[in-house]
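Following: one structure in structure tokens, then a few remarks.
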There are 2 protein chains.
Amino acid sequence: MRSNNVYQQGLDKNPANFVALSPLSFIERSAKVYPDRLAVIYGERRQTWAQTYTRCRQLASALQARGIGEGDTVAVMLPNVPAMLEAHFGVPMSGAVLNTLNTRLDGEAIAFMLQHGEAKVLLVDSEFASVVDKALSLLGDKRPYVIEVEDALAPEGKYLGDTDYESFIAAGQPDFAWQLPADEWDAIALNYTSGTTGNPKGVVTHHRGAYLNAANNVLSWQIPHHAVYLWTLPMFHCNGWCFPWTMALIAGTSVCLRRVDPALIYPLIREHHITHLCGAPIVFSMLIHAPATLREGITHTIQGLVAGAAPPAAVIEGCENAGIHITHVYGLTEVYGPAAVCAPQESWAGLPIAERARLNSRQGVPYPLQQAVAVLDPETLQPVPADGTTMGEIFFRGNVVMKGYLKNPAATQAAFAGGWFHTGDLAVMHPDGYAQIKDRSKDIIISGGENISSIEVEDVLHRHPAVMLAAVVAQPDEKWGEVPCAFIELKADAQASAQDIIDFCRSHMARFKVPKQVVFCKLPKTSTGKIQKFVLREQVKSNANT
Amino acid sequence: MRSNNVYQQGLDKNPANFVALSPLSFIERSAKVYPDRLAVIYGERRQTWAQTYTRCRQLASALQARGIGEGDTVAVMLPNVPAMLEAHFGVPMSGAVLNTLNTRLDGEAIAFMLQHGEAKVLLVDSEFASVVDKALSLLGDKRPYVIEVEDALAPEGKYLGDTDYESFIAAGQPDFAWQLPADEWDAIALNYTSGTTGNPKGVVTHHRGAYLNAANNVLSWQIPHHAVYLWTLPMFHCNGWCFPWTMALIAGTSVCLRRVDPALIYPLIREHHITHLCGAPIVFSMLIHAPATLREGITHTIQGLVAGAAPPAAVIEGCENAGIHITHVYGLTEVYGPAAVCAPQESWAGLPIAERARLNSRQGVPYPLQQAVAVLDPETLQPVPADGTTMGEIFFRGNVVMKGYLKNPAATQAAFAGGWFHTGDLAVMHPDGYAQIKDRSKDIIISGGENISSIEVEDVLHRHPAVMLAAVVAQPDEKWGEVPCAFIELKADAQASAQDIIDFCRSHMARFKVPKQVVFCKLPKTSTGKIQKFVLREQVKSNANT
């Protein structure tokens, strides 16, 4: 800095011109400007922004009254119910960090997370009572204070609460004077990565990033004010991609939902005129394969944000026919959910569906408020040529990147080595500046010294008319080291033999890439619809051993 | 901070997860993602985002080659031409601060600003040659390096340049590796307030605020990607309300324009399908009073953002009939232009036009990314009752508030006293949380001990069918101290006598508020369409003295 820089003199930050960026500001504004608009719809329940803000303040106040504050963790094991949405505001308003637990995990995993995250309070829904009961018994006297979120729509389960949610918040002050974080870099949430190997890592995100990515969703997806959003995406997954905060920013309506089921979804779309929803490709696949009678009377276009895996052409085409306009986004827990988008270009509009699907299946470019998405040589951190073929790794850089992994300096340092966040996703950069994943590092199949991208093989399999979903993993092979093994879920009423599939592959790819084995089955999926390849790998390994 | 806060340990900022917020990032992204989309249209000129970014990098590089960098000032005296837009990126990319000069000022004022702002470089357009020539002669050997922006569409004028703009940037590197500011709190722009009394004050804004307010424009006004924006608002006015940066954020097209004239504007709207434009009420007044033939063939709705004064009912109604959808925003140079919006409520849609106009004439609520707009008692800084009648002052707080006034610590301290930015605008707070200006402190007329809001009287005058524009100022009066004096500009072909006007007022307001004198004239206006009340006050004073 030059000593004579007049712009550095007497022009300091003060409370009038500098305020911590936090998505908590959004709910305060919506409650003031649009107090009577609906914030939440759930079953018969209707809740305005003013009511929701009051309940969040009560939650924060009640937590503080229990001694919860800065640096404390409040965990939640909840489906997409109103209390889950309220926790996204009430918990950080108390100064604490929100830890949303993956409701599909088992007791051991939950116990690990509660212990590692040092949760002092746990909100729980009876649907997960047995898992949580197990986790709590493992924790023994380190058991957190448990708040039971009662819900008439929930299945029965053992009551685990030290108190119930409504009683708990009823004791809180409706006009509680919560404070913004002292620093926008303060933690807002803790999310454990799914951890296909080893112990899960606790991704810590901050208020600044949550604020910016909540706005990013609006800026990138052009969400109008007062959109009506259906919660097909679990809020425990990267804080619902920041959408609880996004909905507060645009004073939209959240339609809550315990379970992704077309028989529940279509009536909600019809009744509430849903405009936006998010999910993995499987969510959209379910929607487009649902009986046509379910869709009767729905004439408006629905905007769908898809991530978790590139949407296959069949999904893109099926959505078009079903009146769902798909936008493909890409991210990871470490970047708050999606932080890249396959931004559509005007010139694509007139292309044939296959070509559009190919273009839209790419991971794309940074969100408007994310700094950079790059495909770099993981050794040199230099960009690979933008030729669409040279393989590199995807890296993120910007304000929508986590603080790091909780109590894991080694993993944090490795993740940020060289000033970039390492995703572990292998990709190419196309000449138009769009990144495209070719594989997760661990998903590459090395056969006779040649790299085979399992995604490339899966892309071909998805084009087979009988295939609903396909996953390809490495199968140990004495001669080649590894060979591709395909797991296939067929469409309802569709038929195909292993030989049909292999023949189809032979006519669409190099011989060495063709799966040597084809297994028909229902594919194992995570709660967010990602195929659990590690389960398939285990299966292949145990088959090889027998 | 608790010493055992696990969220503060090993989770520090690093280059992967923390980047200075700066609107310069927006142009880099648009140039990469939408390289071939049009960024600029001006006369016959067409310039893509890739080309524009290259030219901005050349400008930054050429400035650095002249030794310009952090803490230096680059002034511009330019109409809304492409170079003006480029300066909004190229100047801060060099590390310098952009000082946009009000092109309606005289040589003395310009000389003051160049000297006070310590400008090292000045870009100038021949239209302002004589004023700049005068200013430069006043500066003597403190004259900055002058770059002449040549323009075939400009009127002739004395060539003042030490070089010309195209030669200057041609020497810059097209791939110049500019840097983001070291700190997002660094200055990006210097804007002198119009200074109706005393020396103008230099408002210093920062990268963080410019970034956030550029996004605010999109979030508040719901601007779609690739909007086509017509530059009816001077870019020298609060950096065009941050719209040069907003257009980079949404990869829109800026249609440049030297002069606000319906005969130029309507053909541009027709040819380029303009979707958005901004301006003072007078801009919209001109558009709706233009001959109908000019508007032929324009069938799409245009979004208009209006500020500078509350839009009179006649303007709101006229715009509706002319296919222009108005949104009323409010701000000052100190908050980067508009930072409050009269956010429309769904329930207003069905109301009669007079009622809608009344509701829309209010200054409203904070922008989504501005923290707070409040009406406070200026003594106690406590909120006035939200009763729509108790007078207070409007205050802003948030990240879209200036760093302060350049080299003016006393004014800076006064502006921020008590942790709020003092606007000097007197207002009430309505029960629905919308602020409404009743007057500038200095515009209050005190008559027989009663306060008369000049705005309230003007509102009534604007409802008279013959009145195009009205302004009311205090006229010294022996008996009452002050009485209201009305200056009126009639609509083309409309007629009214002073007595007509007075009679109309008598039937619409308390007797003591009725203007004692009515003057028909063309009202003096600033370049941004604000009525120059100080000129009228001078006139009243000199009339009183003669």
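Identifiers in this document derive from the order of the structure tokens: chains are assigned A, B, ..., residues are numbered from 1 separately in each chain, and ligands are numbered from 1 in order of occurrence.
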Can you pull out the residues contacting His328 (chain B)? Cut-off 12 Å, using only C-alpha atoms, and skip same-chain residues under 6 positions away; I want them as an mmCIF file with C-alpha atoms, in the first residue's frame.
data_model
loop_
_atom_site.group_PDB
_atom_site.id
_atom_site.type_symbol
_atom_site.label_atom_id
_atom_site.label_comp_id
_atom_site.auth_asym_id
_atom_site.auth_seq_id
_atom_site.Cartn_x
_atom_site.Cartn_y
_atom_site.Cartn_z
ATOM 1 C CA SER B 220 -34.617 -6.595 -6.645
ATOM 2 C CA TRP B 221 -35.685 -5.843 -10.207
ATOM 3 C CA CYS B 278 -33.618 3.790 -15.769
ATOM 4 C CA GLY B 279 -34.077 7.460 -15.100
ATOM 5 C CA ALA B 280 -35.602 10.303 -13.134
ATOM 6 C CA PRO B 281 -39.363 10.868 -13.488
ATOM 7 C CA PHE B 284 -40.422 8.816 -18.251
ATOM 8 C CA GLN B 303 -39.209 -2.278 -17.448
ATOM 9 C CA GLY B 304 -38.440 1.170 -16.093
ATOM 10 C CA LEU B 305 -36.598 1.937 -12.859
ATOM 11 C CA VAL B 306 -37.357 5.411 -11.591
ATOM 12 C CA ALA B 307 -35.555 7.374 -8.874
ATOM 13 C CA GLY B 308 -34.394 10.887 -8.122
ATOM 14 C CA ALA B 309 -37.895 11.858 -7.066
ATOM 15 C CA ALA B 310 -41.091 9.983 -6.376
ATOM 16 C CA PRO B 311 -42.927 9.363 -9.647
ATOM 17 C CA PRO B 312 -46.134 11.444 -9.788
ATOM 18 C CA ALA B 313 -49.367 9.538 -10.360
ATOM 19 C CA VAL B 315 -46.212 9.411 -14.710
ATOM 20 C CA ILE B 316 -47.166 6.027 -13.283
ATOM 21 C CA PRO B 338 -30.746 3.116 -5.352
ATOM 22 C CA ALA B 339 -30.524 0.891 -2.283
ATOM 23 C CA ALA B 340 -34.205 0.946 -1.351
ATOM 24 C CA VAL B 341 -37.191 -0.109 -3.397
ATOM 25 C CA CYS B 342 -40.912 0.406 -3.204
ATOM 26 C CA ALA B 343 -41.336 -3.368 -3.459
ATOM 27 C CA PRO B 344 -44.716 -4.002 -5.107
ATOM 28 C CA ARG B 356 -51.499 2.395 -6.640
ATOM 29 C CA ALA B 357 -49.710 5.628 -7.474
ATOM 30 C CA ARG B 358 -49.914 6.685 -3.840
ATOM 31 C CA LEU B 359 -48.465 3.374 -2.666
ATOM 32 C CA ASN B 360 -45.776 3.337 -5.350
ATOM 33 C CA SER B 361 -44.681 6.886 -4.662
ATOM 34 C CA ARG B 362 -43.185 5.747 -1.346
ATOM 35 C CA GLN B 363 -39.460 5.124 -0.984
ATOM 36 C CA GLY B 364 -40.079 1.708 0.468
ATOM 37 C CA VAL B 365 -37.888 -0.968 1.966
ATOM 38 C CA TYR B 367 -32.828 -3.700 -1.292
ATOM 39 C CA GLN B 436 -41.927 7.777 2.579
#
Using 12 Å as the limit and counting only C-alpha atoms, can you tabulate each residue of region 201-220 of chain B that touches region 163-181 of chain B, with its shortest atom-to-atom distance in Å and the two atoms involved, as JSON lines?
{"residue": "B:His206", "atom": "CA", "partner": "B:Pro181", "partner_atom": "CA", "distance": 9.9}
{"residue": "B:His207", "atom": "CA", "partner": "B:Pro181", "partner_atom": "CA", "distance": 7.9}
{"residue": "B:Arg208", "atom": "CA", "partner": "B:Pro181", "partner_atom": "CA", "distance": 10.1}
What are the residues of chain A that have an atom within 7 Å of an atom of chain B, counting only C-alpha atoms, as a PyMOL selection string? chain A and resi 5-7+10-19+32-33+71+187+222+224+249+368+397-404+406+409+416+419-421+433
Selected residues written out with N, CA and C atoms, as a CSV table (one decimal), in the first residue's frame:
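Full text of result21.csv as output:
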chain,number,residue,atom,x,y,z
A,5,ASN,N,-1.8,7.0,-0.1
A,5,ASN,CA,-3.0,6.6,-0.6
A,5,ASN,C,-4.2,7.3,0.1
A,6,VAL,N,-4.7,8.4,-0.5
A,6,VAL,CA,-5.8,9.1,0.2
A,6,VAL,C,-7.0,8.3,0.4
A,7,TYR,N,-7.2,7.2,-0.3
A,7,TYR,CA,-8.4,6.4,-0.2
A,7,TYR,C,-8.3,5.5,1.0
A,10,GLY,N,-9.0,7.7,6.9
A,10,GLY,CA,-10.3,8.2,7.5
A,10,GLY,C,-11.5,7.6,6.8
A,11,LEU,N,-11.3,6.5,6.2
A,11,LEU,CA,-12.5,5.9,5.5
A,11,LEU,C,-12.6,4.4,5.9
A,12,ASP,N,-12.6,4.2,7.2
A,12,ASP,CA,-12.6,2.9,7.8
A,12,ASP,C,-14.1,2.3,7.9
A,13,LYS,N,-14.1,1.0,8.2
A,13,LYS,CA,-15.4,0.4,8.4
A,13,LYS,C,-16.0,0.9,9.7
A,14,ASN,N,-17.3,1.0,9.7
A,14,ASN,CA,-18.0,1.3,10.9
A,14,ASN,C,-19.4,0.6,10.9
A,15,PRO,N,-20.1,0.7,11.9
A,15,PRO,CA,-21.4,-0.1,11.9
A,15,PRO,C,-22.4,0.4,10.9
A,16,ALA,N,-22.2,1.6,10.4
A,16,ALA,CA,-23.2,2.1,9.3
A,16,ALA,C,-22.9,1.5,8.0
A,17,ASN,N,-21.6,1.2,7.7
A,17,ASN,CA,-21.2,0.8,6.3
A,17,ASN,C,-20.6,-0.6,6.2
A,18,PHE,N,-20.6,-1.4,7.3
A,18,PHE,CA,-20.1,-2.7,7.2
A,18,PHE,C,-20.9,-3.6,8.2
A,19,VAL,N,-21.5,-4.7,7.6
A,19,VAL,CA,-22.3,-5.6,8.3
A,19,VAL,C,-21.9,-7.0,7.8
A,32,LYS,N,-40.4,-8.7,7.4
A,32,LYS,CA,-40.8,-7.3,7.5
A,32,LYS,C,-41.6,-6.9,6.2
A,33,VAL,N,-41.1,-7.3,5.1
A,33,VAL,CA,-41.6,-6.7,3.8
A,33,VAL,C,-42.8,-7.6,3.3
A,71,GLY,N,-20.0,-21.5,18.7
A,71,GLY,CA,-19.1,-22.6,18.7
A,71,GLY,C,-19.8,-23.9,19.1
A,187,ALA,N,-18.7,-20.0,11.4
A,187,ALA,CA,-19.3,-21.2,10.9
A,187,ALA,C,-20.9,-21.1,11.0
A,222,GLN,N,-32.4,-17.7,-12.2
A,222,GLN,CA,-33.4,-16.7,-12.4
A,222,GLN,C,-34.7,-17.0,-11.7
A,224,PRO,N,-37.8,-16.3,-9.8
A,224,PRO,CA,-38.6,-15.0,-9.5
A,224,PRO,C,-39.0,-14.9,-8.0
A,249,LEU,N,-34.6,-15.3,0.8
A,249,LEU,CA,-34.2,-14.1,0.0
A,249,LEU,C,-35.3,-13.6,-1.0
A,368,PRO,N,-22.5,-17.4,-10.9
A,368,PRO,CA,-22.1,-16.0,-11.1
A,368,PRO,C,-21.3,-15.5,-9.9
A,397,ARG,N,-12.4,-22.4,-6.8
A,397,ARG,CA,-11.8,-21.3,-6.0
A,397,ARG,C,-12.9,-20.2,-5.8
A,398,GLY,N,-13.0,-19.7,-4.7
A,398,GLY,CA,-13.9,-18.6,-4.5
A,398,GLY,C,-14.5,-18.5,-3.1
A,399,ASN,N,-15.5,-17.7,-3.0
A,399,ASN,CA,-16.1,-17.5,-1.7
A,399,ASN,C,-17.2,-18.5,-1.3
A,400,VAL,N,-17.5,-19.4,-2.3
A,400,VAL,CA,-18.5,-20.4,-2.0
A,400,VAL,C,-17.7,-21.7,-1.9
A,401,VAL,N,-16.7,-21.7,-1.0
A,401,VAL,CA,-15.9,-22.9,-0.7
A,401,VAL,C,-15.8,-23.0,0.9
A,402,MET,N,-15.9,-24.2,1.4
A,402,MET,CA,-15.9,-24.4,2.9
A,402,MET,C,-14.8,-23.7,3.6
A,403,LYS,N,-14.9,-23.6,4.9
A,403,LYS,CA,-13.8,-23.2,5.8
A,403,LYS,C,-12.8,-24.3,5.8
A,404,GLY,N,-13.2,-25.5,5.8
A,404,GLY,CA,-12.3,-26.7,5.9
A,404,GLY,C,-13.1,-27.8,6.6
A,406,LEU,N,-13.7,-30.2,9.8
A,406,LEU,CA,-13.7,-30.0,11.3
A,406,LEU,C,-12.7,-30.9,11.9
A,409,PRO,N,-7.0,-31.1,10.2
A,409,PRO,CA,-6.1,-30.2,9.5
A,409,PRO,C,-5.4,-30.9,8.3
A,416,PHE,N,-7.0,-28.0,0.1
A,416,PHE,CA,-6.7,-26.7,-0.4
A,416,PHE,C,-5.3,-26.5,-0.9
A,419,GLY,N,-3.8,-23.6,-3.3
A,419,GLY,CA,-4.8,-22.4,-3.4
A,419,GLY,C,-6.0,-22.8,-4.2
A,420,TRP,N,-6.3,-24.1,-4.4
A,420,TRP,CA,-7.5,-24.5,-5.1
A,420,TRP,C,-8.2,-25.6,-4.2
A,421,PHE,N,-9.5,-25.7,-4.3
A,421,PHE,CA,-10.2,-26.8,-3.7
A,421,PHE,C,-10.2,-28.0,-4.7
A,433,GLY,N,-15.1,-23.6,-22.8
A,433,GLY,CA,-14.9,-23.2,-21.4
A,433,GLY,C,-15.8,-24.0,-20.5
Could you give me, as an MDAnalysis selection string, the residues within 9 Å of Ile41 (chain A), counting only C-alpha atoms and dropping anything in the same chain fewer than 6 positions from it? chainID A and resid 47 82 253:256 272
Have a look at CA of Thr100 (chain A) and CA of Phe236 (chain A) and let me know their distance in Å, one decimal. 4.8 Å
So that I can check the secondary structure, give me every residue of region 30-211 of chain A assigned helix (DSSP H, G or I) by backbone DSSP, as a compact mmCIF listing (two decimals) with N, CA and C atoms, in the first residue's frame.
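Saved file selection.txt follows:
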# COMPACT_ATOMS: atom_id res chain seq x y z
N SER A 30 -37.71 -10.58 4.76
CA SER A 30 -38.95 -11.13 4.22
C SER A 30 -40.08 -11.05 5.25
N ALA A 31 -39.73 -11.23 6.52
CA ALA A 31 -40.76 -11.14 7.56
C ALA A 31 -41.28 -9.71 7.68
N LYS A 32 -40.41 -8.73 7.38
CA LYS A 32 -40.83 -7.33 7.47
C LYS A 32 -41.58 -6.88 6.22
N VAL A 33 -41.05 -7.26 5.06
CA VAL A 33 -41.61 -6.75 3.81
C VAL A 33 -42.81 -7.56 3.34
N TRP A 49 -44.37 -15.79 6.54
CA TRP A 49 -42.98 -15.41 6.85
C TRP A 49 -42.90 -14.76 8.23
N ALA A 50 -43.90 -13.99 8.62
CA ALA A 50 -43.87 -13.38 9.96
C ALA A 50 -43.92 -14.47 11.02
N GLN A 51 -44.81 -15.44 10.84
CA GLN A 51 -44.92 -16.54 11.81
C GLN A 51 -43.64 -17.37 11.86
N THR A 52 -43.10 -17.64 10.67
CA THR A 52 -41.89 -18.47 10.61
C THR A 52 -40.73 -17.76 11.30
N TYR A 53 -40.59 -16.46 11.04
CA TYR A 53 -39.51 -15.69 11.66
C TYR A 53 -39.67 -15.70 13.19
N THR A 54 -40.89 -15.55 13.64
CA THR A 54 -41.15 -15.58 15.09
C THR A 54 -40.74 -16.92 15.69
N ARG A 55 -41.11 -17.99 15.02
CA ARG A 55 -40.77 -19.33 15.53
C ARG A 55 -39.26 -19.55 15.53
N CYS A 56 -38.56 -19.03 14.51
CA CYS A 56 -37.11 -19.17 14.46
C CYS A 56 -36.46 -18.39 15.61
N ARG A 57 -37.01 -17.19 15.90
CA ARG A 57 -36.47 -16.40 17.01
C ARG A 57 -36.72 -17.13 18.33
N GLN A 58 -37.89 -17.77 18.44
CA GLN A 58 -38.17 -18.53 19.65
C GLN A 58 -37.19 -19.68 19.82
N LEU A 59 -36.92 -20.36 18.70
CA LEU A 59 -35.97 -21.48 18.74
C LEU A 59 -34.60 -20.98 19.20
N ALA A 60 -34.14 -19.87 18.60
CA ALA A 60 -32.82 -19.32 18.97
C ALA A 60 -32.80 -18.93 20.43
N SER A 61 -33.86 -18.28 20.87
CA SER A 61 -33.94 -17.83 22.26
C SER A 61 -33.93 -19.02 23.21
N ALA A 62 -34.69 -20.06 22.88
CA ALA A 62 -34.76 -21.24 23.75
C ALA A 62 -33.41 -21.96 23.79
N LEU A 63 -32.71 -21.98 22.65
CA LEU A 63 -31.39 -22.61 22.63
C LEU A 63 -30.43 -21.84 23.53
N GLN A 64 -30.45 -20.51 23.40
CA GLN A 64 -29.56 -19.70 24.24
C GLN A 64 -29.88 -19.89 25.72
N ALA A 65 -31.18 -20.02 26.01
CA ALA A 65 -31.57 -20.22 27.41
C ALA A 65 -31.01 -21.53 27.96
N PRO A 82 -41.30 -28.67 8.46
CA PRO A 82 -41.10 -27.25 8.79
C PRO A 82 -40.01 -27.01 9.84
N ALA A 83 -39.90 -27.89 10.84
CA ALA A 83 -38.88 -27.68 11.87
C ALA A 83 -37.48 -27.71 11.27
N MET A 84 -37.30 -28.50 10.21
CA MET A 84 -35.99 -28.58 9.55
C MET A 84 -35.65 -27.23 8.91
N LEU A 85 -36.66 -26.62 8.30
CA LEU A 85 -36.48 -25.30 7.69
C LEU A 85 -36.17 -24.28 8.78
N GLU A 86 -36.93 -24.32 9.87
CA GLU A 86 -36.74 -23.37 10.96
C GLU A 86 -35.36 -23.50 11.59
N ALA A 87 -34.85 -24.75 11.64
CA ALA A 87 -33.52 -24.96 12.22
C ALA A 87 -32.45 -24.22 11.44
N HIS A 88 -32.67 -24.06 10.12
CA HIS A 88 -31.68 -23.36 9.29
C HIS A 88 -31.53 -21.90 9.67
N PHE A 89 -32.52 -21.36 10.36
CA PHE A 89 -32.44 -19.96 10.83
C PHE A 89 -32.24 -19.90 12.34
N GLY A 90 -33.09 -20.64 13.05
CA GLY A 90 -33.07 -20.56 14.52
C GLY A 90 -31.74 -20.99 15.12
N VAL A 91 -31.14 -22.05 14.59
CA VAL A 91 -29.88 -22.54 15.16
C VAL A 91 -28.76 -21.50 14.98
N PRO A 92 -28.49 -21.04 13.75
CA PRO A 92 -27.43 -20.02 13.64
C PRO A 92 -27.79 -18.68 14.31
N MET A 93 -29.07 -18.36 14.44
CA MET A 93 -29.44 -17.15 15.17
C MET A 93 -29.01 -17.22 16.64
N GLY A 107 -26.97 -46.32 12.90
CA GLY A 107 -26.70 -45.83 14.26
C GLY A 107 -25.23 -45.56 14.51
N GLU A 108 -24.37 -46.43 14.01
CA GLU A 108 -22.93 -46.24 14.23
C GLU A 108 -22.46 -44.94 13.58
N ALA A 109 -22.87 -44.71 12.34
CA ALA A 109 -22.44 -43.50 11.63
C ALA A 109 -22.97 -42.25 12.33
N ILE A 110 -24.23 -42.31 12.75
CA ILE A 110 -24.82 -41.15 13.44
C ILE A 110 -24.08 -40.91 14.76
N ALA A 111 -23.78 -41.99 15.47
CA ALA A 111 -23.06 -41.84 16.74
C ALA A 111 -21.70 -41.19 16.50
N PHE A 112 -21.02 -41.62 15.43
CA PHE A 112 -19.72 -41.02 15.12
C PHE A 112 -19.86 -39.52 14.91
N MET A 113 -20.86 -39.12 14.14
CA MET A 113 -21.03 -37.70 13.80
C MET A 113 -21.41 -36.86 15.02
N LEU A 114 -22.30 -37.41 15.83
CA LEU A 114 -22.70 -36.66 17.04
C LEU A 114 -21.50 -36.47 17.96
N GLN A 115 -20.68 -37.49 18.03
CA GLN A 115 -19.51 -37.42 18.91
C GLN A 115 -18.46 -36.48 18.31
N HIS A 116 -18.15 -36.69 17.03
CA HIS A 116 -17.12 -35.88 16.39
C HIS A 116 -17.52 -34.41 16.33
N GLY A 117 -18.79 -34.16 16.03
CA GLY A 117 -19.29 -32.79 15.93
C GLY A 117 -19.60 -32.17 17.29
N SER A 126 -39.59 -39.12 14.64
CA SER A 126 -39.83 -40.50 15.06
C SER A 126 -39.52 -41.52 13.96
N GLU A 127 -39.52 -41.09 12.69
CA GLU A 127 -39.20 -42.02 11.61
C GLU A 127 -37.81 -42.63 11.82
N PHE A 128 -36.93 -41.88 12.47
CA PHE A 128 -35.55 -42.34 12.63
C PHE A 128 -35.24 -42.76 14.06
N ALA A 129 -36.31 -43.07 14.80
CA ALA A 129 -36.16 -43.35 16.23
C ALA A 129 -35.22 -44.51 16.50
N SER A 130 -35.35 -45.57 15.72
CA SER A 130 -34.54 -46.75 16.07
C SER A 130 -33.05 -46.48 15.80
N VAL A 131 -32.76 -45.80 14.69
CA VAL A 131 -31.36 -45.46 14.39
C VAL A 131 -30.80 -44.52 15.46
N VAL A 132 -31.58 -43.51 15.79
CA VAL A 132 -31.11 -42.53 16.77
C VAL A 132 -30.98 -43.18 18.14
N ASP A 133 -31.92 -44.08 18.46
CA ASP A 133 -31.86 -44.80 19.74
C ASP A 133 -30.53 -45.55 19.84
N LYS A 134 -30.19 -46.22 18.77
CA LYS A 134 -28.93 -46.96 18.71
C LYS A 134 -27.75 -46.01 18.91
N ALA A 135 -27.78 -44.90 18.17
CA ALA A 135 -26.69 -43.93 18.24
C ALA A 135 -26.56 -43.39 19.68
N LEU A 136 -27.69 -43.09 20.29
CA LEU A 136 -27.65 -42.51 21.64
C LEU A 136 -27.10 -43.54 22.64
N SER A 137 -27.46 -44.80 22.44
CA SER A 137 -26.96 -45.81 23.37
C SER A 137 -25.44 -45.96 23.22
N LEU A 138 -24.94 -45.78 21.99
CA LEU A 138 -23.49 -45.84 21.77
C LEU A 138 -22.78 -44.67 22.44
N LEU A 139 -23.49 -43.52 22.50
CA LEU A 139 -22.86 -42.33 23.07
C LEU A 139 -22.84 -42.37 24.60
N GLY A 140 -23.75 -43.13 25.19
CA GLY A 140 -23.77 -43.24 26.64
C GLY A 140 -24.02 -41.90 27.30
N ASP A 141 -23.15 -41.50 28.23
CA ASP A 141 -23.41 -40.26 28.96
C ASP A 141 -22.98 -39.02 28.18
N LYS A 142 -22.49 -39.20 26.95
CA LYS A 142 -22.21 -38.05 26.10
C LYS A 142 -23.42 -37.71 25.22
N TYR A 165 -40.48 -30.42 20.54
CA TYR A 165 -40.11 -29.19 19.85
C TYR A 165 -41.04 -28.03 20.16
N GLU A 166 -42.35 -28.26 20.12
CA GLU A 166 -43.30 -27.16 20.33
C GLU A 166 -43.19 -26.62 21.75
N SER A 167 -43.02 -27.48 22.73
CA SER A 167 -42.84 -27.01 24.11
C SER A 167 -41.54 -26.24 24.22
N PHE A 168 -40.53 -26.76 23.56
CA PHE A 168 -39.20 -26.13 23.65
C PHE A 168 -39.24 -24.71 23.12
N ILE A 169 -39.78 -24.53 21.91
CA ILE A 169 -39.76 -23.17 21.35
C ILE A 169 -40.79 -22.27 22.02
N ALA A 170 -41.84 -22.86 22.58
CA ALA A 170 -42.86 -22.03 23.25
C ALA A 170 -42.24 -21.23 24.39
N HIS A 207 -21.03 -18.15 7.16
CA HIS A 207 -22.16 -17.27 6.85
C HIS A 207 -21.96 -16.56 5.51
N ARG A 208 -20.77 -16.07 5.25
CA ARG A 208 -20.48 -15.36 4.00
C ARG A 208 -20.81 -16.23 2.78
N GLY A 209 -20.33 -17.48 2.81
CA GLY A 209 -20.57 -18.37 1.68
C GLY A 209 -22.04 -18.73 1.53
N ALA A 210 -22.72 -18.93 2.66
CA ALA A 210 -24.13 -19.30 2.60
C ALA A 210 -24.95 -18.14 2.03
N TYR A 211 -24.59 -16.93 2.40
CA TYR A 211 -25.25 -15.72 1.89
C TYR A 211 -25.05 -15.63 0.38
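Excluding Val260 (chain B) and any residue on its chain fewer than 5 positions from it, the residues at most 10 Å away by only C-alpha atoms are Trp231, Thr232, Leu233, Pro234, Ile265, Gly279, Val283, Met286, Leu287, Ser527 and Thr528 of chain B.
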Could you write out, as a list in words, all the residues of region 147-186 of chain A that DSSP marks as strand (DSSP E)? Ile147, Glu148, Thr163 and Asp164 of chain A
Export of prior selection with N, CA and C atoms as a PDB file, in the first residue's frame:
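Result saved to result10.pdb:
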ATOM      1  N   ILE A 147     -34.477 -33.224  21.410  1.00  0.00           N
ATOM      2  CA  ILE A 147     -35.774 -32.566  21.220  1.00  0.00           C
ATOM      3  C   ILE A 147     -36.554 -33.339  20.158  1.00  0.00           C
ATOM      4  N   GLU A 148     -37.696 -33.835  20.551  1.00  0.00           N
ATOM      5  CA  GLU A 148     -38.533 -34.638  19.651  1.00  0.00           C
ATOM      6  C   GLU A 148     -39.402 -33.699  18.810  1.00  0.00           C
ATOM      7  N   THR A 163     -37.541 -33.395  25.618  1.00  0.00           N
ATOM      8  CA  THR A 163     -38.699 -32.504  25.525  1.00  0.00           C
ATOM      9  C   THR A 163     -39.209 -32.601  24.097  1.00  0.00           C
ATOM     10  N   ASP A 164     -40.320 -31.922  23.809  1.00  0.00           N
ATOM     11  CA  ASP A 164     -40.777 -31.890  22.419  1.00  0.00           C
ATOM     12  C   ASP A 164     -40.580 -30.489  21.857  1.00  0.00           C
TER      13      ASP A 164
END
